[in-house]
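Colleague: Structure file data-v9.cif (mmCIF, C-alpha atoms) right here:
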data_protein
#
loop_
_atom_site.label_atom_id
_atom_site.label_comp_id
_atom_site.auth_asym_id
_atom_site.auth_seq_id
_atom_site.Cartn_x
_atom_site.Cartn_y
_atom_site.Cartn_z
CA MET F 155 133.77 113.59 141.82
CA GLN F 156 135.83 115.80 139.57
CA LEU F 157 137.13 114.69 136.19
CA TYR F 158 139.96 116.43 134.39
CA SER F 159 139.55 115.46 130.76
CA PHE F 160 140.05 116.55 127.16
CA PHE F 161 137.17 115.85 124.81
CA ASN F 162 139.41 114.21 122.23
CA SER F 163 141.69 112.26 124.60
CA SER F 164 140.93 108.60 124.24
CA THR F 165 142.10 107.76 127.75
CA SER F 166 139.67 110.38 129.11
CA TYR F 167 136.98 108.93 126.85
CA ARG F 168 137.52 105.47 128.45
CA VAL F 169 136.88 106.86 131.92
CA ARG F 170 133.87 108.87 130.75
CA ILE F 171 132.34 105.67 129.35
CA ALA F 172 132.91 103.88 132.68
CA LEU F 173 131.36 106.76 134.64
CA ALA F 174 128.37 106.86 132.29
CA LEU F 175 127.82 103.08 132.40
CA LYS F 176 127.75 103.30 136.18
CA GLY F 177 125.46 106.33 136.10
CA LEU F 178 127.84 108.44 138.19
CA ASP F 179 127.73 112.23 138.29
CA TYR F 180 130.86 114.36 138.20
CA ASP F 181 132.10 117.85 137.49
CA TYR F 182 133.88 118.14 134.16
CA HIS F 183 137.09 120.17 133.91
CA GLY F 184 138.48 120.56 130.40
CA VAL F 185 142.26 120.45 130.03
CA ASN F 186 143.14 121.68 126.55
CA LEU F 187 145.90 119.38 125.33
CA ARG F 188 146.25 121.36 122.10
CA GLY F 189 146.93 124.50 124.14
CA GLY F 190 149.46 122.73 126.39
CA GLU F 191 147.35 123.13 129.54
CA GLN F 192 148.41 119.65 130.67
CA TYR F 193 151.89 121.04 131.35
CA SER F 194 150.77 123.94 133.58
CA ALA F 195 152.14 123.88 137.14
CA ASP F 196 148.57 123.49 138.39
CA HIS F 197 147.91 120.40 136.31
CA ARG F 198 151.33 118.88 137.03
CA GLU F 199 150.29 118.95 140.68
CA ARG F 200 147.44 116.63 139.74
CA SER F 201 149.33 114.57 137.16
CA PRO F 202 153.13 114.62 137.41
CA ILE F 203 153.52 113.37 133.83
CA GLY F 204 151.13 116.03 132.54
CA GLY F 205 148.32 113.81 131.38
CA VAL F 206 144.60 113.34 131.41
CA PRO F 207 142.39 111.91 132.75
CA VAL F 208 142.67 112.73 136.44
CA LEU F 209 139.81 111.75 138.73
CA ILE F 210 139.34 113.38 142.12
CA SER F 211 137.36 110.84 144.11
CA GLU F 212 134.62 111.63 146.59
CA ASP F 213 137.23 111.17 149.33
CA GLY F 214 139.45 113.77 147.65
CA ALA F 215 142.06 111.31 146.36
CA GLU F 216 143.73 112.29 143.09
CA LEU F 217 143.90 109.34 140.72
CA THR F 218 145.74 109.17 137.41
CA GLN F 219 146.00 106.45 134.73
CA SER F 220 142.74 105.47 133.07
CA LEU F 221 143.00 101.73 133.82
CA ALA F 222 143.73 102.40 137.50
CA ILE F 223 140.83 104.88 137.65
CA ILE F 224 138.37 102.42 136.11
CA ASP F 225 139.59 99.68 138.46
CA TYR F 226 138.99 102.06 141.38
CA LEU F 227 135.49 102.96 140.14
CA ASP F 228 134.69 99.28 139.67
CA GLY F 229 135.60 98.51 143.28
CA ARG F 230 133.80 101.49 144.77
CA TYR F 231 130.73 101.46 142.51
CA PRO F 232 130.42 97.85 141.34
CA GLN F 233 127.12 98.21 139.43
CA PRO F 234 127.56 97.26 136.64
CA ARG F 235 130.88 95.50 136.93
CA LEU F 236 133.26 96.39 134.10
CA ILE F 237 136.12 94.09 135.15
CA PRO F 238 134.44 90.75 135.83
CA LEU F 239 135.53 88.82 138.90
CA GLU F 240 135.39 85.32 137.32
CA PRO F 241 138.93 84.32 136.37
CA PRO F 242 138.69 83.24 132.73
CA THR F 243 136.54 86.17 131.61
CA ARG F 244 138.51 88.59 133.77
CA ALA F 245 141.78 87.61 132.10
CA ARG F 246 140.22 87.97 128.64
CA VAL F 247 138.87 91.43 129.44
CA LEU F 248 142.22 92.63 130.79
CA GLU F 249 144.06 91.06 127.86
CA ILE F 250 142.08 93.02 125.28
CA ALA F 251 142.10 96.20 127.38
CA CYS F 252 145.89 96.02 127.75
CA LEU F 253 146.45 95.17 124.12
CA ILE F 254 144.76 98.46 123.24
CA ALA F 255 145.95 100.54 126.20
CA VAL F 256 149.57 99.32 126.12
CA ASP F 257 150.33 98.13 122.58
CA ILE F 258 148.44 100.68 120.49
CA HIS F 259 147.53 103.88 122.26
CA PRO F 260 150.78 105.07 123.94
CA ILE F 261 152.78 104.83 120.70
CA ASN F 262 150.24 106.98 118.87
CA ASN F 263 149.76 109.46 121.67
CA LEU F 264 149.95 113.20 120.94
CA ARG F 265 153.24 113.64 122.80
CA VAL F 266 154.86 110.93 120.69
CA LEU F 267 153.54 112.36 117.40
CA ASN F 268 154.81 115.79 118.52
CA TYR F 269 158.25 114.34 119.25
CA LEU F 270 158.38 112.76 115.78
CA LYS F 271 157.52 116.10 114.22
CA ARG F 272 159.97 118.06 116.35
CA GLU F 273 162.98 115.73 116.37
CA PHE F 274 162.60 113.74 113.15
CA ASP F 275 160.98 116.46 111.06
CA SER F 276 158.38 113.87 110.09
CA SER F 277 156.00 114.68 107.24
CA PRO F 278 152.21 114.33 107.54
CA GLU F 279 152.52 111.17 105.41
CA GLN F 280 155.10 109.70 107.78
CA GLN F 281 152.95 110.56 110.80
CA SER F 282 149.98 108.92 109.17
CA ALA F 283 151.97 105.80 108.24
CA TRP F 284 153.28 105.58 111.82
CA TYR F 285 149.78 105.86 113.24
CA GLY F 286 148.33 103.35 110.82
CA HIS F 287 151.12 100.84 111.40
CA TRP F 288 150.46 100.51 115.15
CA VAL F 289 146.70 100.50 114.67
CA ALA F 290 146.95 97.70 112.11
CA GLU F 291 149.24 95.58 114.32
CA GLY F 292 147.11 96.19 117.40
CA LEU F 293 143.57 95.98 116.06
CA GLY F 294 144.61 93.00 113.95
CA ALA F 295 145.59 91.25 117.16
CA VAL F 296 142.36 92.30 118.91
CA GLU F 297 140.39 90.89 115.98
CA GLN F 298 142.24 87.57 116.29
CA LEU F 299 141.71 87.42 120.05
CA LEU F 300 137.98 87.99 119.58
CA GLN F 301 137.88 85.28 116.95
CA ARG F 302 139.91 82.85 119.04
CA GLN F 303 137.60 83.42 122.00
CA GLY F 304 134.60 82.58 119.84
CA GLN F 305 133.20 86.03 120.50
CA VAL F 306 129.45 86.14 120.00
CA GLY F 307 128.87 89.81 120.81
CA PRO F 308 127.41 92.23 120.90
CA TYR F 309 130.26 93.38 123.21
CA CYS F 310 133.86 92.13 123.30
CA LEU F 311 133.03 89.62 126.05
CA GLY F 312 129.36 88.73 125.77
CA ASP F 313 126.22 90.73 126.33
CA THR F 314 127.39 93.32 128.84
CA PRO F 315 130.00 96.04 128.39
CA THR F 316 133.38 95.66 130.08
CA LEU F 317 136.67 97.50 130.38
CA ALA F 318 137.59 95.98 126.99
CA ASP F 319 134.77 97.94 125.34
CA CYS F 320 135.71 101.10 127.27
CA CYS F 321 139.13 100.83 125.60
CA LEU F 322 138.00 99.63 122.16
CA VAL F 323 135.54 102.41 121.36
CA PRO F 324 137.89 105.40 121.84
CA GLN F 325 140.68 103.60 119.96
CA VAL F 326 138.47 102.88 116.96
CA ALA F 327 137.09 106.43 117.02
CA ASN F 328 140.67 107.77 116.94
CA ALA F 329 141.66 105.44 114.13
CA GLN F 330 138.66 106.55 112.07
CA ARG F 331 139.53 110.19 112.67
CA MET F 332 143.06 109.49 111.42
CA GLY F 333 141.66 107.89 108.27
CA CYS F 334 142.73 104.28 108.94
CA ASP F 335 141.12 101.55 106.86
CA LEU F 336 139.32 99.32 109.36
CA GLN F 337 137.63 96.84 107.03
CA ALA F 338 139.96 94.03 108.08
CA TYR F 339 138.49 94.03 111.62
CA PRO F 340 134.83 93.06 111.26
CA ARG F 341 134.44 91.83 114.87
CA VAL F 342 136.05 94.96 116.27
CA MET F 343 133.83 97.14 114.10
CA ALA F 344 130.65 95.26 115.02
CA VAL F 345 131.40 95.85 118.71
CA TYR F 346 132.14 99.50 117.97
CA GLN F 347 128.88 100.03 116.07
CA HIS F 348 126.87 98.33 118.79
CA CYS F 349 128.46 100.47 121.51
CA LEU F 350 127.89 103.70 119.60
CA ALA F 351 124.15 103.06 119.75
CA GLN F 352 124.13 102.83 123.56
CA PRO F 353 123.24 105.93 125.61
CA ALA F 354 126.23 105.65 128.00
CA PHE F 355 128.70 105.50 125.13
CA GLN F 356 126.93 108.42 123.46
CA ALA F 357 127.08 110.52 126.62
CA ALA F 358 130.83 109.92 126.81
CA ALA F 359 131.56 110.75 123.16
CA PRO F 360 133.93 113.63 122.35
CA ALA F 361 131.24 115.67 120.57
CA ASN F 362 129.10 115.68 123.70
CA GLN F 363 131.70 117.11 126.09
CA PRO F 364 131.64 120.70 127.33
CA ASP F 365 135.14 121.38 125.95
CA PHE F 366 134.36 120.00 122.47
CA ILE F 367 135.97 121.97 119.65
CA GLY F 368 134.24 121.29 116.33
CA MET W 206 152.57 76.27 133.86
CA GLN W 207 154.51 77.22 130.76
CA LEU W 208 156.12 80.62 130.28
CA TYR W 209 157.17 81.94 126.89
CA SER W 210 159.73 84.60 127.65
CA PHE W 211 162.86 86.38 126.42
CA PHE W 212 165.55 86.94 129.01
CA ASN W 213 165.89 90.61 128.14
CA SER W 214 162.20 91.43 127.66
CA SER W 215 161.11 93.64 130.52
CA THR W 216 157.48 92.53 130.29
CA SER W 217 158.63 88.90 130.63
CA TYR W 218 160.84 89.98 133.55
CA ARG W 219 157.77 91.44 135.33
CA VAL W 220 155.95 88.11 135.13
CA ARG W 221 159.05 86.15 136.18
CA ILE W 222 159.29 88.34 139.31
CA ALA W 223 155.62 87.69 140.12
CA LEU W 224 156.05 83.93 139.64
CA ALA W 225 159.17 83.92 141.83
CA LEU W 226 157.56 86.00 144.59
CA LYS W 227 154.71 83.48 144.67
CA GLY W 228 157.12 80.55 144.60
CA LEU W 229 155.49 79.04 141.52
CA ASP W 230 157.22 76.51 139.28
CA TYR W 231 156.98 76.67 135.51
CA ASP W 232 158.64 75.46 132.33
CA TYR W 233 160.65 78.16 130.60
CA HIS W 234 160.46 78.54 126.82
CA GLY W 235 162.83 81.10 125.33
CA VAL W 236 161.50 83.17 122.41
CA ASN W 237 164.45 84.93 120.80
CA LEU W 238 163.20 88.44 120.01
CA ARG W 239 166.49 89.34 118.35
CA GLY W 240 166.07 86.41 115.98
CA GLY W 241 162.45 87.30 115.18
CA GLU W 242 161.04 84.12 116.74
CA GLN W 243 158.09 86.11 118.11
CA TYR W 244 156.77 86.44 114.56
CA SER W 245 156.82 82.72 113.74
CA ALA W 246 153.47 81.17 112.87
CA ASP W 247 153.76 79.00 115.98
CA HIS W 248 154.22 81.93 118.30
CA ARG W 249 151.55 84.05 116.60
CA GLU W 250 149.16 81.25 117.53
CA ARG W 251 149.98 81.97 121.16
CA SER W 252 150.26 85.75 120.84
CA PRO W 253 148.54 87.33 117.83
CA ILE W 254 150.60 90.52 118.14
CA GLY W 255 153.83 88.52 118.31
CA GLY W 256 154.87 89.35 121.84
CA VAL W 257 156.16 87.90 125.05
CA PRO W 258 155.37 86.94 127.73
CA VAL W 259 152.73 84.29 127.17
CA LEU W 260 151.66 82.15 130.11
CA ILE W 261 149.95 78.81 129.64
CA SER W 262 148.04 78.27 132.86
CA GLU W 263 147.58 74.96 134.64
CA ASP W 264 144.14 74.78 132.99
CA GLY W 265 145.74 75.19 129.58
CA ALA W 266 144.55 78.77 128.99
CA GLU W 267 146.87 80.95 126.90
CA LEU W 268 147.30 84.34 128.50
CA THR W 269 149.06 87.35 127.01
CA GLN W 270 149.78 90.86 128.36
CA SER W 271 151.98 90.99 131.44
CA LEU W 272 149.55 93.02 133.59
CA ALA W 273 146.68 90.66 132.76
CA ILE W 274 148.91 87.65 133.52
CA ILE W 275 149.99 89.01 136.90
CA ASP W 276 146.38 89.87 137.75
CA TYR W 277 145.44 86.28 136.88
CA LEU W 278 148.26 84.84 139.01
CA ASP W 279 147.25 87.11 141.87
CA GLY W 280 143.70 85.80 141.82
CA ARG W 281 144.66 82.14 141.46
CA TYR W 282 147.69 82.12 143.80
CA PRO W 283 147.05 84.99 146.20
CA GLN W 284 150.06 84.42 148.49
CA PRO W 285 151.63 86.95 148.61
CA ARG W 286 149.22 89.42 147.10
CA LEU W 287 150.86 91.71 144.55
CA ILE W 288 147.82 93.85 143.77
CA PRO W 289 146.42 94.78 147.18
CA LEU W 290 142.67 94.60 147.66
CA GLU W 291 142.34 97.73 149.86
CA PRO W 292 141.16 100.60 147.66
CA PRO W 293 143.60 103.43 148.35
CA THR W 294 146.74 101.26 148.18
CA ARG W 295 145.37 99.30 145.23
CA ALA W 296 144.87 102.48 143.19
CA ARG W 297 148.39 103.67 144.04
CA VAL W 298 149.93 100.35 143.00
CA LEU W 299 148.04 100.32 139.71
CA GLU W 300 148.85 103.98 139.08
CA ILE W 301 152.61 103.39 139.30
CA ALA W 302 152.43 100.10 137.41
CA CYS W 303 150.48 101.74 134.56
CA LEU W 304 152.71 104.79 134.49
CA ILE W 305 155.61 102.45 133.74
CA ALA W 306 153.76 99.85 131.66
CA VAL W 307 151.79 102.36 129.57
CA ASP W 308 153.68 105.65 129.53
CA ILE W 309 157.29 104.45 129.34
CA HIS W 310 157.74 100.90 128.16
CA PRO W 311 155.64 100.62 124.95
CA ILE W 312 157.24 103.70 123.39
CA ASN W 313 160.73 102.30 123.96
CA ASN W 314 159.88 98.77 122.92
CA LEU W 315 162.11 96.93 120.44
CA ARG W 316 159.50 97.01 117.67
CA VAL W 317 159.23 100.80 117.98
CA LEU W 318 163.01 101.33 117.97
CA ASN W 319 163.20 99.04 114.92
CA TYR W 320 160.54 101.11 113.15
CA LEU W 321 162.48 104.32 113.86
CA LYS W 322 165.60 102.78 112.39
CA ARG W 323 163.83 101.34 109.36
CA GLU W 324 161.49 104.19 108.45
CA PHE W 325 163.26 107.27 109.82
CA ASP W 326 166.83 106.09 109.32
CA SER W 327 167.46 107.13 112.92
CA SER W 328 171.06 107.30 114.15
CA PRO W 329 172.21 105.57 117.36
CA GLU W 330 172.28 109.04 118.98
CA GLN W 331 168.68 109.69 117.97
CA GLN W 332 167.60 106.27 119.26
CA SER W 333 169.33 106.95 122.52
CA ALA W 334 167.80 110.44 122.85
CA TRP W 335 164.36 108.96 122.12
CA TYR W 336 164.81 106.27 124.75
CA GLY W 337 166.14 108.70 127.33
CA HIS W 338 163.36 111.21 126.73
CA TRP W 339 160.54 108.81 127.63
CA VAL W 340 162.47 107.35 130.55
CA ALA W 341 163.08 110.83 131.96
CA GLU W 342 159.44 111.87 131.59
CA GLY W 343 158.17 108.60 133.03
CA LEU W 344 160.58 107.91 135.87
CA GLY W 345 160.45 111.61 136.80
CA ALA W 346 156.69 111.18 137.26
CA VAL W 347 157.14 107.93 139.23
CA GLU W 348 159.59 109.73 141.52
CA GLN W 349 157.06 112.50 142.13
CA LEU W 350 154.25 110.02 142.81
CA LEU W 351 156.41 108.21 145.35
CA GLN W 352 157.26 111.52 147.00
CA ARG W 353 153.65 112.70 146.99
CA GLN W 354 152.54 109.44 148.60
CA GLY W 355 155.09 109.94 151.37
CA GLN W 356 156.74 106.69 150.36
CA VAL W 357 158.73 105.19 153.20
CA GLY W 358 160.03 102.09 151.45
CA PRO W 359 161.70 99.82 151.09
CA TYR W 360 159.26 98.97 148.25
CA CYS W 361 157.13 101.38 146.21
CA LEU W 362 154.16 100.90 148.53
CA GLY W 363 155.46 99.93 151.95
CA ASP W 364 157.25 96.87 153.21
CA THR W 365 156.00 94.21 150.81
CA PRO W 366 156.53 93.97 147.07
CA THR W 367 153.64 94.72 144.72
CA LEU W 368 152.91 94.91 141.01
CA ALA W 369 154.48 98.39 141.08
CA ASP W 370 157.85 96.85 142.00
CA CYS W 371 157.41 94.09 139.39
CA CYS W 372 157.18 96.89 136.80
CA LEU W 373 159.79 99.25 138.26
CA VAL W 374 162.73 96.85 138.43
CA PRO W 375 162.77 95.73 134.76
CA GLN W 376 162.25 99.32 133.60
CA VAL W 377 165.19 100.63 135.63
CA ALA W 378 167.35 97.69 134.53
CA ASN W 379 166.55 98.55 130.89
CA ALA W 380 167.28 102.23 131.41
CA GLN W 381 170.65 101.41 132.98
CA ARG W 382 171.48 99.12 130.08
CA MET W 383 170.68 101.98 127.69
CA GLY W 384 172.99 104.29 129.63
CA CYS W 385 170.35 106.66 131.06
CA ASP W 386 171.39 108.95 133.92
CA LEU W 387 169.12 107.97 136.82
CA GLN W 388 170.51 110.21 139.57
CA ALA W 389 167.44 112.41 139.53
CA TYR W 390 165.26 109.56 140.85
CA PRO W 391 166.60 108.68 144.31
CA ARG W 392 163.37 107.06 145.55
CA VAL W 393 163.05 104.96 142.42
CA MET W 394 166.68 103.89 142.70
CA ALA W 395 166.39 103.04 146.41
CA VAL W 396 163.46 100.72 145.63
CA TYR W 397 165.43 99.21 142.76
CA GLN W 398 168.51 98.54 144.88
CA HIS W 399 166.42 97.00 147.64
CA CYS W 400 164.62 94.69 145.20
CA LEU W 401 167.86 93.56 143.56
CA ALA W 402 168.98 92.15 146.90
CA GLN W 403 165.90 89.92 147.24
CA PRO W 404 166.09 86.27 146.10
CA ALA W 405 162.87 86.36 144.04
CA PHE W 406 164.02 89.37 142.06
CA GLN W 407 167.41 87.73 141.57
CA ALA W 408 165.85 84.50 140.30
CA ALA W 409 163.87 86.52 137.74
CA ALA W 410 166.81 88.60 136.48
CA PRO W 411 167.80 88.36 132.80
CA ALA W 412 171.26 86.93 133.57
CA ASN W 413 169.69 83.99 135.39
CA GLN W 414 167.42 82.81 132.58
CA PRO W 415 168.12 79.72 130.46
CA ASP W 416 168.07 81.78 127.24
CA PHE W 417 170.49 84.44 128.53
CA ILE W 418 172.93 85.70 125.92
CA GLY W 419 175.93 87.40 127.54
#
Could you write out this structure as structure tokens?
Modeller:
Amino acid sequence: MQLYSFFNSSTSYRVRIALALKGLDYDYHGVNLRGGEQYSADHRERSPIGGVPVLISEDGAELTQSLAIIDYLDGRYPQPRLIPLEPPTRARVLEIACLIAVDIHPINNLRVLNYLKREFDSSPEQQSAWYGHWVAEGLGAVEQLLQRQGQVGPYCLGDTPTLADCCLVPQVANAQRMGCDLQAYPRVMAVYQHCLAQPAFQAAAPANQPDFIG
Amino acid sequence: MQLYSFFNSSTSYRVRIALALKGLDYDYHGVNLRGGEQYSADHRERSPIGGVPVLISEDGAELTQSLAIIDYLDGRYPQPRLIPLEPPTRARVLEIACLIAVDIHPINNLRVLNYLKREFDSSPEQQSAWYGHWVAEGLGAVEQLLQRQGQVGPYCLGDTPTLADCCLVPQVANAQRMGCDLQAYPRVMAVYQHCLAQPAFQAAAPANQPDFIG
């Protein structure tokens, strides 16, 4: 398999965690989002919207969208399963994954922050307030869902990692990098800390990618 | 089942289409997003982030996030299947659904437009340019995916409706309401027009909901 990824892209990070948890090998191709490589004609062939990650499967299929890619991997390589098949747990996993992947991440994506800078002449303080606002709304809701579900840990849904954790870890890492105060989310942070200690999550971390820029 | 919905919410509209395609009955509870009802303590109990739709299943489980809800319905009431089980088609359905649900809709959501108005004092022209920008990027990419897949119609993925269509129709309806020029997306628009003529899509349309405001 081939993975087109950027070390610091949290959607790429999700897929890298899934690949690592499943112990799958792949060739890594860095796409430098800071240099605009995602908008090259070559990359637009792979991803019409100009995004990462893109996975080229063993059958040669080009797949975009991190949630669709992880769903594909889970069907093709089901050990370990990241999207459980049992209905109540499955719905809870998808609920948390979507809360992060839909209600937090897209609004704080690089292309949105760039638009704010370009079209609204936003200051660094305004960018930071924007980022923090959506993180607080979103992670606050994740915290409440975990509490409501009587989460016992160490992962979002019990004692094995799921798609929810694949989404949570990159989002928290991003929020920390942006200087957000995360003290109000103790359950979220406990899951995050536990995941960071696991080899698969470490292998997928931005600092351990070939295109890492320090 | 109980559905908490707002007639004009496109994520609620997705779930209403899925319920109608499956021929499922439910009680409709309007949550007036314009009146801020989504932020009431009552509704926050159902949806910590203050969103619609929320589905209360026959077992009494509260489910949020439209994609997670439709996945749940598809498992519990599989006729007709909206997320195909066969890997290549499944990945294509999820790819288009996520492109719309992740890369277009959240950025143009009411709470984001409200933030722009409140914090950036954005003009109606700036709001409209913002909305149109993300629609153009997103629907342009959907159009290219449909073309690349050699889409033959009448739906996104062949001759039966899927989750991709459940996401496409509300997004196009929203874009039309906001006055976006959609001529550049003939495949998208052909799918949209076909769906609008189907009874299930009609039953789910905003104008046919009990909380419709004309």
Colleague: Quick one: contact table of chain W to chain F, 7 Å max, nearest atom pair and distance in Å to one decimal per residue, counting only C-alpha atoms, chain and number order, as a Markdown table?
Modeller:
| residue | atom | partner | partner_atom | distance |
| --- | --- | --- | --- | --- |
| W:Pro253 | CA | F:Ala295 | CA | 5.0 |
| W:Ile254 | CA | F:Ala295 | CA | 5.2 |
| W:Thr269 | CA | F:Glu249 | CA | 6.3 |
| W:Gln270 | CA | F:Glu249 | CA | 5.7 |
| W:Ala273 | CA | F:Leu248 | CA | 5.3 |
| W:Tyr277 | CA | F:Ala245 | CA | 6.2 |
| W:Pro292 | CA | F:Tyr226 | CA | 6.8 |
| W:Ala296 | CA | F:Ala222 | CA | 5.8 |
| W:Leu299 | CA | F:Ala222 | CA | 5.3 |
| W:Glu300 | CA | F:Ala222 | CA | 5.6 |
| W:Cys303 | CA | F:Gln219 | CA | 6.5 |
| W:Leu304 | CA | F:Gln219 | CA | 6.9 |
| W:Ala306 | CA | F:Val256 | CA | 7.0 |
| W:Val307 | CA | F:Val256 | CA | 5.1 |
| W:Asp308 | CA | F:Pro260 | CA | 6.3 |
| W:Pro311 | CA | F:Val256 | CA | 6.3 |
| W:Ile312 | CA | F:Ile261 | CA | 5.3 |
| W:Glu342 | CA | F:Ile203 | CA | 6.5 |
| W:Gly343 | CA | F:Ile203 | CA | 6.7 |
| W:Ala346 | CA | F:Pro202 | CA | 5.0 |
| W:Gln349 | CA | F:Pro202 | CA | 6.5 |
Colleague: Given the file above and the PyMOL selection byres ((chain W and resi 222-224) around 9), which residues are selected, and can you give them as an NGL selection string?
Modeller: :W and (217-221 or 225-231 or 275 or 278-279 or 287 or 367-368 or 371 or 405-410)
Colleague: Output, as JSON, the centre and edge lengths in Å (one decimal) of the axis-aligned box that contains all listed atoms of range 342-359 of chain W with 3 Å of margin on each side.
Modeller:
{"center_x": 157.1, "center_y": 106.3, "center_z": 142.4, "size_x": 15.2, "size_y": 18.9, "size_z": 27.6}
Colleague: When the PyMOL selection byres ((chain W and resi 233) around 6) is applied to the structure above, which residues does it catch, written out as a PDB file with C-alpha atoms, keeping the file's coordinate frame?
Modeller:
ATOM      1  CA  LEU W 208     156.120  80.620 130.280  1.00  0.00           C
ATOM      2  CA  ASP W 232     158.640  75.460 132.330  1.00  0.00           C
ATOM      3  CA  HIS W 234     160.460  78.540 126.820  1.00  0.00           C
TER       4      HIS W 234
END
Colleague: Around (166.3, 86.1, 129.8) in the file's frame, which residues reach within 9 Å when counting only C-alpha atoms? Return as a list in words?
Modeller: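 Output of the proximity query reads Ser210, Phe211, Phe212, Asn213, Ser214, Ser217, Tyr218, Gly235, Ala409, Ala410, Pro411, Ala412, Asn413, Gln414, Pro415, Asp416, Phe417 and Ile418 of chain W.
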Colleague: Counting only C-alpha atoms, which residue out of W:Val374, W:Leu362, W:Ala380, W:Cys385 sits closest to Cys400 in chain W?
Modeller: W:Val374
Colleague: Extract, using all atoms listed in the file, all DNA, RNA and protein residues at most 12 Å from Ala344 in chain F, discarding same-chain residues fewer than 3 positions from it, and format them as a list of chain:residue names.
Modeller: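 Neighbouring residues, sequence-local ones excluded: F:Glu297, F:Leu300, F:Gln305, F:Val306, F:Gly307, F:Pro308, F:Tyr309, F:Cys310, F:Asp319, F:Leu322, F:Val323, F:Val326, F:Leu336, F:Gln337, F:Ala338, F:Tyr339, F:Pro340, F:Arg341, F:Gln347, F:His348, F:Cys349, F:Leu350, F:Ala351.
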Colleague: With all atoms listed in the file as the basis for distance, which of F:Met332, F:Ala327, F:Met155, F:Leu187 is at the shortest distance from Glu279 in chain F?
Modeller: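 The shortest atom-to-atom distance to Glu279 in chain F comes from F:Met332.
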Colleague: Using Å and a single decimal, report how far CA of Ser211 in chain F sits from CA of Gln156 in chain F.
Modeller: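 Taking CA of Gln156 in chain F and CA of Ser211 in chain F, their separation equals 6.9 Å.
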Colleague: One number please: CA of Cys321 in chain F to CA of Pro258 in chain W, in Å, one decimal.
Modeller: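 Calculated distance between CA of Cys321 in chain F and CA of Pro258 in chain W is 21.5 Å.
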Colleague: At what distance in Å, to one decimal, does CA of Asp264 in chain W lie from CA of Gln243 in chain W?
Modeller: 23.3 Å
Colleague: Since the input has fewer atoms than a full residue there, write range 233-246 of chain F out with N, CA and C atoms, as a CSV table (one decimal), keeping the file's coordinate frame.
Modeller:
chain,number,residue,atom,x,y,z
F,233,GLN,N,128.3,98.5,140.3
F,233,GLN,CA,127.1,98.2,139.4
F,233,GLN,C,127.2,99.1,138.2
F,234,PRO,N,127.2,98.6,137.0
F,234,PRO,CA,127.6,97.3,136.6
F,234,PRO,C,129.1,97.1,136.7
F,235,ARG,N,129.5,95.8,136.9
F,235,ARG,CA,130.9,95.5,136.9
F,235,ARG,C,131.5,95.5,135.5
F,236,LEU,N,132.6,96.3,135.4
F,236,LEU,CA,133.3,96.4,134.1
F,236,LEU,C,134.5,95.5,134.0
F,237,ILE,N,135.0,95.1,135.1
F,237,ILE,CA,136.1,94.1,135.2
F,237,ILE,C,135.6,92.9,135.9
F,238,PRO,N,135.1,91.9,135.2
F,238,PRO,CA,134.4,90.8,135.8
F,238,PRO,C,135.4,90.1,136.9
F,239,LEU,N,134.7,89.5,137.9
F,239,LEU,CA,135.5,88.8,138.9
F,239,LEU,C,135.9,87.4,138.5
F,240,GLU,N,135.1,86.7,137.7
F,240,GLU,CA,135.4,85.3,137.3
F,240,GLU,C,136.7,85.2,136.5
F,241,PRO,N,137.6,84.3,137.0
F,241,PRO,CA,138.9,84.3,136.4
F,241,PRO,C,139.0,84.2,134.8
F,242,PRO,N,138.4,83.3,134.2
F,242,PRO,CA,138.7,83.2,132.7
F,242,PRO,C,138.2,84.5,132.0
F,243,THR,N,137.0,85.0,132.3
F,243,THR,CA,136.5,86.2,131.6
F,243,THR,C,137.4,87.4,132.0
F,244,ARG,N,137.7,87.5,133.3
F,244,ARG,CA,138.5,88.6,133.8
F,244,ARG,C,139.8,88.7,133.0
F,245,ALA,N,140.5,87.6,132.8
F,245,ALA,CA,141.8,87.6,132.1
F,245,ALA,C,141.6,88.0,130.7
F,246,ARG,N,140.5,87.6,130.0
F,246,ARG,CA,140.2,88.0,128.6
F,246,ARG,C,139.9,89.5,128.5
